[in-house]
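Participant: Supplied structure: query.cif, mmCIF, C-alpha atoms; chains and numbers go by the auth columns.
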data_entry
loop_
_atom_site.group_PDB
_atom_site.id
_atom_site.type_symbol
_atom_site.label_atom_id
_atom_site.label_comp_id
_atom_site.label_asym_id
_atom_site.label_seq_id
_atom_site.Cartn_x
_atom_site.Cartn_y
_atom_site.Cartn_z
_atom_site.B_iso_or_equiv
_atom_site.auth_seq_id
_atom_site.auth_asym_id
ATOM 1 C CA MET A 1 20.186 33.296 -104.714 0.00 1 A
ATOM 2 C CA SER A 2 17.405 34.950 -102.865 0.00 2 A
ATOM 3 C CA SER A 3 16.636 33.888 -99.346 0.00 3 A
ATOM 4 C CA LEU A 4 13.193 32.986 -98.129 0.00 4 A
ATOM 5 C CA PRO A 5 12.670 36.208 -96.149 0.00 5 A
ATOM 6 C CA PHE A 6 13.536 38.254 -99.266 0.00 6 A
ATOM 7 C CA SER A 7 11.087 36.228 -101.405 0.00 7 A
ATOM 8 C CA LEU A 8 8.260 36.875 -98.904 0.00 8 A
ATOM 9 C CA ALA A 9 9.096 40.581 -98.652 0.00 9 A
ATOM 10 C CA SER A 10 9.522 41.396 -102.362 0.00 10 A
ATOM 11 C CA PRO A 11 6.358 41.041 -104.516 0.00 11 A
ATOM 12 C CA ALA A 12 8.282 42.324 -107.594 0.00 12 A
ATOM 13 C CA HIS A 13 10.230 39.102 -107.814 0.00 13 A
ATOM 14 C CA THR A 14 7.247 36.759 -107.815 0.00 14 A
ATOM 15 C CA LYS A 15 8.072 35.536 -111.371 0.00 15 A
ATOM 16 C CA GLN A 16 11.570 34.553 -110.347 0.00 16 A
ATOM 17 C CA ILE A 17 12.112 30.828 -110.005 0.00 17 A
ATOM 18 C CA ARG A 18 12.806 30.274 -106.391 0.00 18 A
ATOM 19 C CA SER A 19 15.420 27.798 -105.401 0.00 19 A
ATOM 20 C CA PRO A 20 14.924 25.556 -102.413 0.00 20 A
ATOM 21 C CA PRO A 21 15.822 27.235 -99.130 0.00 21 A
ATOM 22 C CA THR A 22 19.278 26.705 -97.828 0.00 22 A
ATOM 23 C CA ALA A 23 19.877 24.722 -94.621 0.00 23 A
ATOM 24 C CA GLN A 24 20.271 28.011 -92.761 0.00 24 A
ATOM 25 C CA ALA A 25 16.970 29.263 -94.156 0.00 25 A
ATOM 26 C CA SER A 26 15.290 25.966 -93.265 0.00 26 A
ATOM 27 C CA SER A 27 16.610 26.283 -89.739 0.00 27 A
ATOM 28 C CA ALA A 28 15.331 29.832 -89.530 0.00 28 A
ATOM 29 C CA PHE A 29 11.934 28.725 -90.809 0.00 29 A
ATOM 30 C CA LYS A 30 11.746 25.925 -88.232 0.00 30 A
ATOM 31 C CA THR A 31 12.743 28.315 -85.501 0.00 31 A
ATOM 32 C CA PHE A 32 10.099 30.781 -86.672 0.00 32 A
ATOM 33 C CA GLY A 33 7.484 28.004 -86.758 0.00 33 A
ATOM 34 C CA ASN A 34 8.429 26.731 -83.307 0.00 34 A
ATOM 35 C CA ASN A 35 8.350 30.245 -81.904 0.00 35 A
ATOM 36 C CA GLU A 36 4.950 30.774 -83.461 0.00 36 A
ATOM 37 C CA GLN A 37 3.649 27.519 -81.956 0.00 37 A
ATOM 38 C CA ARG A 38 5.048 28.441 -78.549 0.00 38 A
ATOM 39 C CA PHE A 39 3.501 31.881 -78.853 0.00 39 A
ATOM 40 C CA ASN A 40 0.124 30.364 -79.789 0.00 40 A
ATOM 41 C CA LYS A 41 0.327 27.865 -76.923 0.00 41 A
ATOM 42 C CA LYS A 42 1.298 30.616 -74.504 0.00 42 A
ATOM 43 C CA ALA A 43 -1.551 32.818 -75.724 0.00 43 A
ATOM 44 C CA ALA A 44 -3.970 29.893 -75.466 0.00 44 A
ATOM 45 C CA ASN A 45 -2.796 29.101 -71.914 0.00 45 A
ATOM 46 C CA GLU A 46 -3.099 32.751 -70.905 0.00 46 A
ATOM 47 C CA GLN A 47 -6.607 32.913 -72.354 0.00 47 A
ATOM 48 C CA LEU A 48 -7.513 29.664 -70.571 0.00 48 A
ATOM 49 C CA GLN A 49 -6.215 31.092 -67.294 0.00 49 A
ATOM 50 C CA VAL A 50 -8.261 34.261 -67.824 0.00 50 A
ATOM 51 C CA ASN A 51 -11.374 32.173 -68.517 0.00 51 A
ATOM 52 C CA VAL A 52 -10.752 30.058 -65.395 0.00 52 A
ATOM 53 C CA GLU A 53 -10.281 33.182 -63.293 0.00 53 A
ATOM 54 C CA LYS A 54 -13.465 34.707 -64.705 0.00 54 A
ATOM 55 C CA THR A 55 -15.366 31.469 -64.024 0.00 55 A
ATOM 56 C CA SER A 56 -13.943 31.262 -60.487 0.00 56 A
ATOM 57 C CA MET A 57 -14.890 34.861 -59.784 0.00 57 A
ATOM 58 C CA SER A 58 -18.340 34.219 -61.188 0.00 58 A
ATOM 59 C CA LEU A 59 -18.773 31.125 -59.023 0.00 59 A
ATOM 60 C CA LEU A 60 -17.406 32.978 -56.012 0.00 60 A
ATOM 61 C CA GLY A 61 -19.810 35.803 -56.671 0.00 61 A
ATOM 62 C CA ARG A 62 -22.673 33.353 -56.869 0.00 62 A
ATOM 63 C CA ARG A 63 -21.595 31.658 -53.648 0.00 63 A
ATOM 64 C CA GLU A 64 -21.297 35.008 -51.901 0.00 64 A
ATOM 65 C CA ALA A 65 -24.689 36.031 -53.243 0.00 65 A
ATOM 66 C CA ILE A 66 -26.234 32.747 -52.117 0.00 66 A
ATOM 67 C CA GLY A 67 -24.539 33.046 -48.715 0.00 67 A
ATOM 68 C CA LEU A 68 -25.781 36.605 -48.377 0.00 68 A
ATOM 69 C CA GLY A 69 -29.277 35.506 -49.341 0.00 69 A
ATOM 70 C CA LEU A 70 -29.244 32.654 -46.827 0.00 70 A
ATOM 71 C CA SER A 71 -27.891 34.943 -44.122 0.00 71 A
ATOM 72 C CA PHE A 72 -30.594 37.496 -44.872 0.00 72 A
ATOM 73 C CA THR A 73 -33.274 34.771 -44.800 0.00 73 A
ATOM 74 C CA ALA A 74 -31.950 33.466 -41.475 0.00 74 A
ATOM 75 C CA LEU A 75 -31.938 37.010 -40.081 0.00 75 A
ATOM 76 C CA VAL A 76 -35.535 37.556 -41.205 0.00 76 A
ATOM 77 C CA ASP A 77 -36.595 34.241 -39.643 0.00 77 A
ATOM 78 C CA PHE A 78 -34.766 35.081 -36.423 0.00 78 A
ATOM 79 C CA LEU A 79 -36.320 38.529 -36.198 0.00 79 A
ATOM 80 C CA GLY A 80 -39.722 37.078 -37.088 0.00 80 A
ATOM 81 C CA GLN A 81 -39.471 34.498 -34.311 0.00 81 A
ATOM 82 C CA ASN A 82 -38.414 37.137 -31.803 0.00 82 A
ATOM 83 C CA ALA A 83 -41.254 39.382 -32.917 0.00 83 A
ATOM 84 C CA ALA A 84 -43.701 36.495 -32.525 0.00 84 A
ATOM 85 C CA VAL A 85 -42.396 35.758 -29.019 0.00 85 A
ATOM 86 C CA ALA A 86 -42.561 39.440 -28.085 0.00 86 A
ATOM 87 C CA ALA A 87 -46.086 39.738 -29.493 0.00 87 A
ATOM 88 C CA GLU A 88 -47.140 36.656 -27.556 0.00 88 A
ATOM 89 C CA ALA A 89 -45.658 38.047 -24.342 0.00 89 A
ATOM 90 C CA THR A 90 -47.272 41.459 -24.671 0.00 90 A
ATOM 91 C CA ALA A 91 -50.610 40.502 -26.241 0.00 91 A
ATOM 92 C CA PRO A 92 -53.523 41.059 -23.858 0.00 92 A
ATOM 93 C CA CYS A 93 -55.218 37.859 -22.761 0.00 93 A
ATOM 94 C CA GLU A 94 -59.009 38.051 -22.855 0.00 94 A
ATOM 95 C CA PHE A 95 -60.350 35.346 -20.618 0.00 95 A
ATOM 96 C CA THR A 96 -63.423 33.296 -21.312 0.00 96 A
ATOM 97 C CA THR A 97 -65.104 32.219 -18.095 0.00 97 A
ATOM 98 C CA THR A 98 -66.916 28.874 -17.972 0.00 98 A
ATOM 99 C CA PRO A 99 -69.794 27.764 -15.670 0.00 99 A
ATOM 100 C CA SER A 100 -67.320 26.005 -13.367 0.00 100 A
ATOM 101 C CA GLY A 101 -65.583 29.318 -12.720 0.00 101 A
ATOM 102 C CA LEU A 102 -62.471 28.374 -14.707 0.00 102 A
ATOM 103 C CA ALA A 103 -61.323 31.086 -17.128 0.00 103 A
ATOM 104 C CA PHE A 104 -58.999 30.431 -20.050 0.00 104 A
ATOM 105 C CA CYS A 105 -57.229 32.285 -22.830 0.00 105 A
ATOM 106 C CA ASP A 106 -55.512 30.596 -25.770 0.00 106 A
ATOM 107 C CA LYS A 107 -52.243 32.317 -26.673 0.00 107 A
ATOM 108 C CA VAL A 108 -51.252 29.674 -29.210 0.00 108 A
ATOM 109 C CA VAL A 109 -53.674 27.142 -30.633 0.00 109 A
ATOM 110 C CA GLY A 110 -51.918 23.814 -31.010 0.00 110 A
ATOM 111 C CA PHE A 111 -51.537 21.720 -34.144 0.00 111 A
ATOM 112 C CA GLY A 112 -51.297 18.197 -32.719 0.00 112 A
ATOM 113 C CA PRO A 113 -53.804 15.750 -31.221 0.00 113 A
ATOM 114 C CA GLU A 114 -55.759 16.498 -28.076 0.00 114 A
ATOM 115 C CA ALA A 115 -55.207 14.507 -24.925 0.00 115 A
ATOM 116 C CA SER A 116 -57.487 11.646 -23.941 0.00 116 A
ATOM 117 C CA LYS A 117 -58.546 10.802 -20.392 0.00 117 A
ATOM 118 C CA GLY A 118 -55.991 8.678 -18.568 0.00 118 A
ATOM 119 C CA GLN A 119 -53.248 9.426 -21.092 0.00 119 A
ATOM 120 C CA LEU A 120 -49.733 10.148 -19.864 0.00 120 A
ATOM 121 C CA ILE A 121 -48.821 13.602 -21.123 0.00 121 A
ATOM 122 C CA LYS A 122 -46.130 16.271 -20.759 0.00 122 A
ATOM 123 C CA ALA A 123 -46.692 19.954 -20.073 0.00 123 A
ATOM 124 C CA HIS A 124 -44.582 22.965 -19.184 0.00 124 A
ATOM 125 C CA TYR A 125 -46.069 25.598 -16.904 0.00 125 A
ATOM 126 C CA THR A 126 -45.522 28.723 -14.858 0.00 126 A
ATOM 127 C CA GLY A 127 -47.763 29.198 -11.823 0.00 127 A
ATOM 128 C CA LYS A 128 -48.497 32.666 -10.429 0.00 128 A
ATOM 129 C CA LEU A 129 -50.596 34.188 -7.714 0.00 129 A
ATOM 130 C CA GLU A 130 -53.158 36.789 -8.690 0.00 130 A
ATOM 131 C CA ASN A 131 -50.693 39.535 -7.745 0.00 131 A
ATOM 132 C CA GLY A 132 -48.258 38.189 -10.377 0.00 132 A
ATOM 133 C CA LYS A 133 -45.836 36.479 -7.981 0.00 133 A
ATOM 134 C CA VAL A 134 -44.436 33.251 -9.473 0.00 134 A
ATOM 135 C CA PHE A 135 -44.613 30.326 -7.059 0.00 135 A
ATOM 136 C CA ASP A 136 -43.495 27.517 -9.383 0.00 136 A
ATOM 137 C CA SER A 137 -42.191 26.933 -12.913 0.00 137 A
ATOM 138 C CA SER A 138 -41.186 23.791 -14.799 0.00 138 A
ATOM 139 C CA TYR A 139 -39.159 25.974 -17.179 0.00 139 A
ATOM 140 C CA ASN A 140 -36.820 26.887 -14.317 0.00 140 A
ATOM 141 C CA ARG A 141 -36.267 23.189 -13.666 0.00 141 A
ATOM 142 C CA GLY A 142 -35.678 22.548 -17.363 0.00 142 A
ATOM 143 C CA LYS A 143 -38.066 19.601 -17.404 0.00 143 A
ATOM 144 C CA PRO A 144 -41.801 19.405 -18.199 0.00 144 A
ATOM 145 C CA LEU A 145 -44.294 17.887 -15.801 0.00 145 A
ATOM 146 C CA THR A 146 -45.374 14.335 -16.706 0.00 146 A
ATOM 147 C CA PHE A 147 -48.739 13.087 -15.406 0.00 147 A
ATOM 148 C CA ARG A 148 -51.925 11.268 -16.340 0.00 148 A
ATOM 149 C CA ILE A 149 -54.655 13.666 -17.362 0.00 149 A
ATOM 150 C CA GLY A 150 -58.252 13.463 -16.123 0.00 150 A
ATOM 151 C CA VAL A 151 -57.701 10.994 -13.267 0.00 151 A
ATOM 152 C CA GLY A 152 -57.044 13.375 -10.358 0.00 152 A
ATOM 153 C CA GLU A 153 -53.227 13.352 -10.396 0.00 153 A
ATOM 154 C CA VAL A 154 -53.277 17.153 -10.658 0.00 154 A
ATOM 155 C CA ILE A 155 -55.639 19.849 -9.404 0.00 155 A
ATOM 156 C CA LYS A 156 -59.106 19.966 -10.970 0.00 156 A
ATOM 157 C CA GLY A 157 -58.437 23.170 -12.888 0.00 157 A
ATOM 158 C CA TRP A 158 -55.590 21.462 -14.756 0.00 158 A
ATOM 159 C CA ASP A 159 -57.634 18.421 -15.724 0.00 159 A
ATOM 160 C CA GLN A 160 -60.432 20.598 -17.050 0.00 160 A
ATOM 161 C CA GLY A 161 -58.159 23.244 -18.543 0.00 161 A
ATOM 162 C CA ILE A 162 -56.170 20.759 -20.657 0.00 162 A
ATOM 163 C CA LEU A 163 -58.602 17.912 -21.249 0.00 163 A
ATOM 164 C CA GLY A 164 -61.565 20.230 -21.836 0.00 164 A
ATOM 165 C CA GLY A 165 -65.191 20.029 -20.844 0.00 165 A
ATOM 166 C CA ASP A 166 -67.857 22.235 -19.283 0.00 166 A
ATOM 167 C CA GLY A 167 -67.354 24.954 -21.888 0.00 167 A
ATOM 168 C CA VAL A 168 -63.570 24.571 -22.177 0.00 168 A
ATOM 169 C CA PRO A 169 -62.241 23.310 -25.539 0.00 169 A
ATOM 170 C CA PRO A 170 -59.511 20.645 -25.252 0.00 170 A
ATOM 171 C CA MET A 171 -55.970 21.798 -25.732 0.00 171 A
ATOM 172 C CA LEU A 172 -54.067 20.536 -28.778 0.00 172 A
ATOM 173 C CA ALA A 173 -50.431 19.470 -28.622 0.00 173 A
ATOM 174 C CA GLY A 174 -48.198 22.471 -29.169 0.00 174 A
ATOM 175 C CA GLY A 175 -50.776 24.852 -27.739 0.00 175 A
ATOM 176 C CA LYS A 176 -50.245 27.469 -25.060 0.00 176 A
ATOM 177 C CA ARG A 177 -53.064 28.507 -22.764 0.00 177 A
ATOM 178 C CA THR A 178 -53.414 30.671 -19.694 0.00 178 A
ATOM 179 C CA LEU A 179 -55.724 29.264 -17.031 0.00 179 A
ATOM 180 C CA LYS A 180 -57.287 31.302 -14.240 0.00 180 A
ATOM 181 C CA LEU A 181 -58.475 28.977 -11.509 0.00 181 A
ATOM 182 C CA PRO A 182 -60.875 29.872 -8.709 0.00 182 A
ATOM 183 C CA PRO A 183 -59.927 28.447 -5.283 0.00 183 A
ATOM 184 C CA GLN A 184 -62.268 25.438 -5.626 0.00 184 A
ATOM 185 C CA LEU A 185 -60.408 24.283 -8.747 0.00 185 A
ATOM 186 C CA GLY A 186 -57.005 24.940 -7.161 0.00 186 A
ATOM 187 C CA TYR A 187 -55.888 24.375 -3.552 0.00 187 A
ATOM 188 C CA GLY A 188 -59.051 25.680 -1.883 0.00 188 A
ATOM 189 C CA MET A 189 -59.125 26.868 1.669 0.00 189 A
ATOM 190 C CA ARG A 190 -56.098 24.785 2.642 0.00 190 A
ATOM 191 C CA GLY A 191 -53.576 26.517 0.418 0.00 191 A
ATOM 192 C CA ALA A 192 -50.281 24.803 -0.369 0.00 192 A
ATOM 193 C CA GLY A 193 -46.687 24.819 0.836 0.00 193 A
ATOM 194 C CA CYS A 194 -47.712 25.946 4.284 0.00 194 A
ATOM 195 C CA LYS A 195 -45.167 25.885 7.082 0.00 195 A
ATOM 196 C CA GLY A 196 -44.983 27.789 10.335 0.00 196 A
ATOM 197 C CA GLY A 197 -48.103 29.798 9.569 0.00 197 A
ATOM 198 C CA SER A 198 -46.800 30.871 6.131 0.00 198 A
ATOM 199 C CA CYS A 199 -47.955 29.420 2.803 0.00 199 A
ATOM 200 C CA ILE A 200 -46.420 29.567 -0.628 0.00 200 A
ATOM 201 C CA ILE A 201 -49.987 29.487 -1.931 0.00 201 A
ATOM 202 C CA PRO A 202 -52.243 31.127 0.624 0.00 202 A
ATOM 203 C CA PRO A 203 -55.714 29.673 1.329 0.00 203 A
ATOM 204 C CA ASP A 204 -58.514 30.639 -1.074 0.00 204 A
ATOM 205 C CA SER A 205 -56.059 31.856 -3.712 0.00 205 A
ATOM 206 C CA VAL A 206 -56.988 32.520 -7.322 0.00 206 A
ATOM 207 C CA LEU A 207 -54.215 30.995 -9.436 0.00 207 A
ATOM 208 C CA LEU A 208 -52.882 31.777 -12.903 0.00 208 A
ATOM 209 C CA PHE A 209 -51.113 29.102 -14.917 0.00 209 A
ATOM 210 C CA ASP A 210 -49.380 29.569 -18.243 0.00 210 A
ATOM 211 C CA VAL A 211 -49.571 26.036 -19.642 0.00 211 A
ATOM 212 C CA GLU A 212 -47.767 24.645 -22.700 0.00 212 A
ATOM 213 C CA PHE A 213 -49.189 21.268 -23.720 0.00 213 A
ATOM 214 C CA ILE A 214 -46.257 19.407 -25.275 0.00 214 A
ATOM 215 C CA GLY A 215 -48.076 16.153 -26.042 0.00 215 A
ATOM 216 C CA LYS A 216 -48.223 12.575 -24.917 0.00 216 A
ATOM 217 C CA ALA A 217 -45.269 11.283 -22.909 0.00 217 A
#
What is this file in structure tokens?
Facilitator:
Amino acid sequence: MSSLPFSLASPAHTKQIRSPPTAQASSAFKTFGNNEQRFNKKAANEQLQVNVEKTSMSLLGRREAIGLGLSFTALVDFLGQNAAVAAEATAPCEFTTTPSGLAFCDKVVGFGPEASKGQLIKAHYTGKLENGKVFDSSYNRGKPLTFRIGVGEVIKGWDQGILGGDGVPPMLAGGKRTLKLPPQLGYGMRGAGCKGGSCIIPPDSVLLFDVEFIGKA
């Protein structure tokens, strides 16, 4: 009696009546089938793992690419901001002089509302003498100056320089302006901070103020 493997391997005996496979042959066939199923499952699992790894690498690549793009964008923004600050610091300031004697130069035109007379506002500033010596700065204190504009709480040059008038356009919130004040719009012939014959601001001084109008308080 021919076995199943011999029947499959010998085409010349295809006319022979094949008897049912013996128990041993049936066992061999089951074993072959089980091995084939295990092989197919193993191959399928291996292929699935390869696909997962490819997908993970693809996603990782995309994340890295996105991260690189975001980092590059952040770097460009950072460099752009630094360039803007450097340009602002080094740009020459061409003053416009008004009939009152006040001169101004807008370094940054603001984007917010202008101040109204009597309004409580906040402003950062750096005050310098005409020779460039700094005598006061709110930036060094880490806190802007809060005051009511246009009612005489500050020197005249500040009221006019921020609120506007007499040829000076009003500052807008977010704006930065340099003011050059003649003595009559500053501390006049008295000066300021005088003690023992010495003054922080000598009499009849022309003053320069870098003013940043933050907005209403």
Participant: I'd like to know which of A:Asn140, A:Ser116, A:Ser198, A:Asn131 is closest to Leu163 in chain A, using only C-alpha atoms.
Facilitator: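 For Leu163 in chain A, the nearest of the candidates is A:Ser116.
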Participant: Given only C-alpha atoms as the basis, pick out the residue of A:Gly101, A:Gly197, A:Pro144, A:Gly112 nearest to Lys156 in chain A.
Facilitator: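 Looking only at the distances to Lys156 in chain A, the closest residue turns out to be A:Gly101.
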Participant: Report, in Å with one decimal, the straight-line distance from CA of Val108 in chain A to CA of Pro183 in chain A.
Facilitator: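 It comes out at 25.5 Å.
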Participant: Using only C-alpha atoms, pick whichever of A:Pro203, A:Pro169, A:Pro99, A:Gly118 has the shortest atom-to-atom distance to Lys216 in chain A.
Facilitator: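 The closest residue to Lys216 in chain A is A:Gly118.
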Participant: So, counting all atoms listed in the file, which residue among A:Gly132, A:Gly188, A:Gly150, A:Pro182 is closest to Thr98 in chain A?
Facilitator: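 For Thr98 in chain A, the nearest of the candidates is A:Pro182.
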Participant: One number please: CA of Leu185 in chain A to CA of Gly152 in chain A, in Å, one decimal.
Facilitator: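 According to the coordinates, CA of Leu185 in chain A and CA of Gly152 in chain A are separated by 11.5 Å.
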Participant: Quote the spacing between CA of Ile201 in chain A and CA of Glu130 in chain A in Å to one decimal place.
Facilitator: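 According to the coordinates, CA of Ile201 in chain A and CA of Glu130 in chain A are separated by 10.4 Å.
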Participant: Taking (-48.4, 27.7, -22.4) in the file's coordinates, which residues come within 9 Å, counting only C-alpha atoms, written as number ranges by chain?
Facilitator: A: 106-108, 123-126, 174-178, 209-213
Participant: Given the file above and the PyMOL selection byres ((chain A and resi 166) around 12), which residues are selected, and can you give them as a list in words?
Facilitator: Thr97, Thr98, Pro99, Ser100, Gly101, Leu102, Ala103, Gly157, Asp159, Gln160, Gly161, Ile162, Leu163, Gly164, Gly165, Gly167, Val168, Pro169 and Pro170 of chain A
Participant: Excluding Pro202 in chain A and its own-chain neighbours fewer than 6 positions away, which residues fall within 9 Å of it when counting all atoms listed in the file? Please give them as a ChimeraX atom specification.
Facilitator: /A:187,189-194
Participant: Considering all atoms listed in the file, state which residue in the set A:Cys93, A:Gly127, A:Pro113, A:Lys122 is at the smallest distance from Lys143 in chain A.
Facilitator: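 Once distances to Lys143 in chain A are computed over all atoms listed in the file, the minimum belongs to A:Lys122.
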Participant: Could you pull range 100-116 of chain A out of the block above and save it with N, CA, C and O atoms, as a PDB file, in the first residue's frame?
Facilitator:
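So decode.pdb came out as:
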ATOM      1  N   SER A 100       7.761 124.228  21.456  1.00  0.00           N
ATOM      2  CA  SER A 100       8.037 124.363  22.889  1.00  0.00           C
ATOM      3  C   SER A 100       9.505 124.110  23.216  1.00  0.00           C
ATOM      4  O   SER A 100       9.951 124.384  24.336  1.00  0.00           O
ATOM      5  N   GLY A 101      10.253 123.594  22.245  1.00  0.00           N
ATOM      6  CA  GLY A 101      11.648 123.265  22.474  1.00  0.00           C
ATOM      7  C   GLY A 101      11.852 121.778  22.735  1.00  0.00           C
ATOM      8  O   GLY A 101      12.992 121.295  22.725  1.00  0.00           O
ATOM      9  N   LEU A 102      10.771 121.034  22.956  1.00  0.00           N
ATOM     10  CA  LEU A 102      10.884 119.594  23.158  1.00  0.00           C
ATOM     11  C   LEU A 102      11.207 118.915  21.821  1.00  0.00           C
ATOM     12  O   LEU A 102      10.600 119.239  20.798  1.00  0.00           O
ATOM     13  N   ALA A 103      12.144 118.001  21.838  1.00  0.00           N
ATOM     14  CA  ALA A 103      12.478 117.208  20.647  1.00  0.00           C
ATOM     15  C   ALA A 103      12.165 115.746  20.943  1.00  0.00           C
ATOM     16  O   ALA A 103      12.336 115.274  22.071  1.00  0.00           O
ATOM     17  N   PHE A 104      11.690 115.035  19.924  1.00  0.00           N
ATOM     18  CA  PHE A 104      11.325 113.633  20.142  1.00  0.00           C
ATOM     19  C   PHE A 104      11.742 112.794  18.934  1.00  0.00           C
ATOM     20  O   PHE A 104      11.901 113.297  17.819  1.00  0.00           O
ATOM     21  N   CYS A 105      11.896 111.511  19.194  1.00  0.00           N
ATOM     22  CA  CYS A 105      12.211 110.548  18.144  1.00  0.00           C
ATOM     23  C   CYS A 105      11.540 109.234  18.502  1.00  0.00           C
ATOM     24  O   CYS A 105      11.798 108.677  19.573  1.00  0.00           O
ATOM     25  N   ASP A 106      10.682 108.748  17.627  1.00  0.00           N
ATOM     26  CA  ASP A 106       9.994 107.475  17.861  1.00  0.00           C
ATOM     27  C   ASP A 106      10.861 106.316  17.386  1.00  0.00           C
ATOM     28  O   ASP A 106      11.142 106.188  16.192  1.00  0.00           O
ATOM     29  N   LYS A 107      11.258 105.466  18.325  1.00  0.00           N
ATOM     30  CA  LYS A 107      12.019 104.257  17.979  1.00  0.00           C
ATOM     31  C   LYS A 107      11.081 103.105  17.646  1.00  0.00           C
ATOM     32  O   LYS A 107      11.361 102.293  16.774  1.00  0.00           O
ATOM     33  N   VAL A 108       9.979 103.028  18.370  1.00  0.00           N
ATOM     34  CA  VAL A 108       8.952 102.026  18.108  1.00  0.00           C
ATOM     35  C   VAL A 108       7.603 102.712  18.242  1.00  0.00           C
ATOM     36  O   VAL A 108       7.293 103.281  19.295  1.00  0.00           O
ATOM     37  N   VAL A 109       6.814 102.662  17.174  1.00  0.00           N
ATOM     38  CA  VAL A 109       5.470 103.219  17.238  1.00  0.00           C
ATOM     39  C   VAL A 109       4.570 102.164  17.878  1.00  0.00           C
ATOM     40  O   VAL A 109       4.568 101.002  17.475  1.00  0.00           O
ATOM     41  N   GLY A 110       3.817 102.573  18.875  1.00  0.00           N
ATOM     42  CA  GLY A 110       2.981 101.628  19.599  1.00  0.00           C
ATOM     43  C   GLY A 110       1.812 101.105  18.785  1.00  0.00           C
ATOM     44  O   GLY A 110       1.567 101.526  17.657  1.00  0.00           O
ATOM     45  N   PHE A 111       1.077 100.183  19.387  1.00  0.00           N
ATOM     46  CA  PHE A 111      -0.055  99.537  18.724  1.00  0.00           C
ATOM     47  C   PHE A 111      -1.338  99.654  19.544  1.00  0.00           C
ATOM     48  O   PHE A 111      -2.410  99.296  19.071  1.00  0.00           O
ATOM     49  N   GLY A 112      -1.209 100.138  20.782  1.00  0.00           N
ATOM     50  CA  GLY A 112      -2.368 100.229  21.669  1.00  0.00           C
ATOM     51  C   GLY A 112      -2.952 101.626  21.700  1.00  0.00           C
ATOM     52  O   GLY A 112      -2.574 102.505  20.919  1.00  0.00           O
ATOM     53  N   PRO A 113      -3.888 101.872  22.638  1.00  0.00           N
ATOM     54  CA  PRO A 113      -4.531 103.182  22.724  1.00  0.00           C
ATOM     55  C   PRO A 113      -3.598 104.244  23.296  1.00  0.00           C
ATOM     56  O   PRO A 113      -2.664 103.943  24.033  1.00  0.00           O
ATOM     57  N   GLU A 114      -3.853 105.474  22.939  1.00  0.00           N
ATOM     58  CA  GLU A 114      -3.096 106.585  23.521  1.00  0.00           C
ATOM     59  C   GLU A 114      -3.644 106.908  24.898  1.00  0.00           C
ATOM     60  O   GLU A 114      -4.753 106.503  25.269  1.00  0.00           O
ATOM     61  N   ALA A 115      -2.837 107.618  25.664  1.00  0.00           N
ATOM     62  CA  ALA A 115      -3.261 107.996  27.010  1.00  0.00           C
ATOM     63  C   ALA A 115      -4.191 109.199  26.949  1.00  0.00           C
ATOM     64  O   ALA A 115      -4.131 110.007  26.015  1.00  0.00           O
ATOM     65  N   SER A 116      -5.053 109.308  27.927  1.00  0.00           N
ATOM     66  CA  SER A 116      -5.936 110.474  28.041  1.00  0.00           C
ATOM     67  C   SER A 116      -5.573 111.256  29.303  1.00  0.00           C
ATOM     68  O   SER A 116      -5.060 110.681  30.273  1.00  0.00           O
TER      69      SER A 116
END
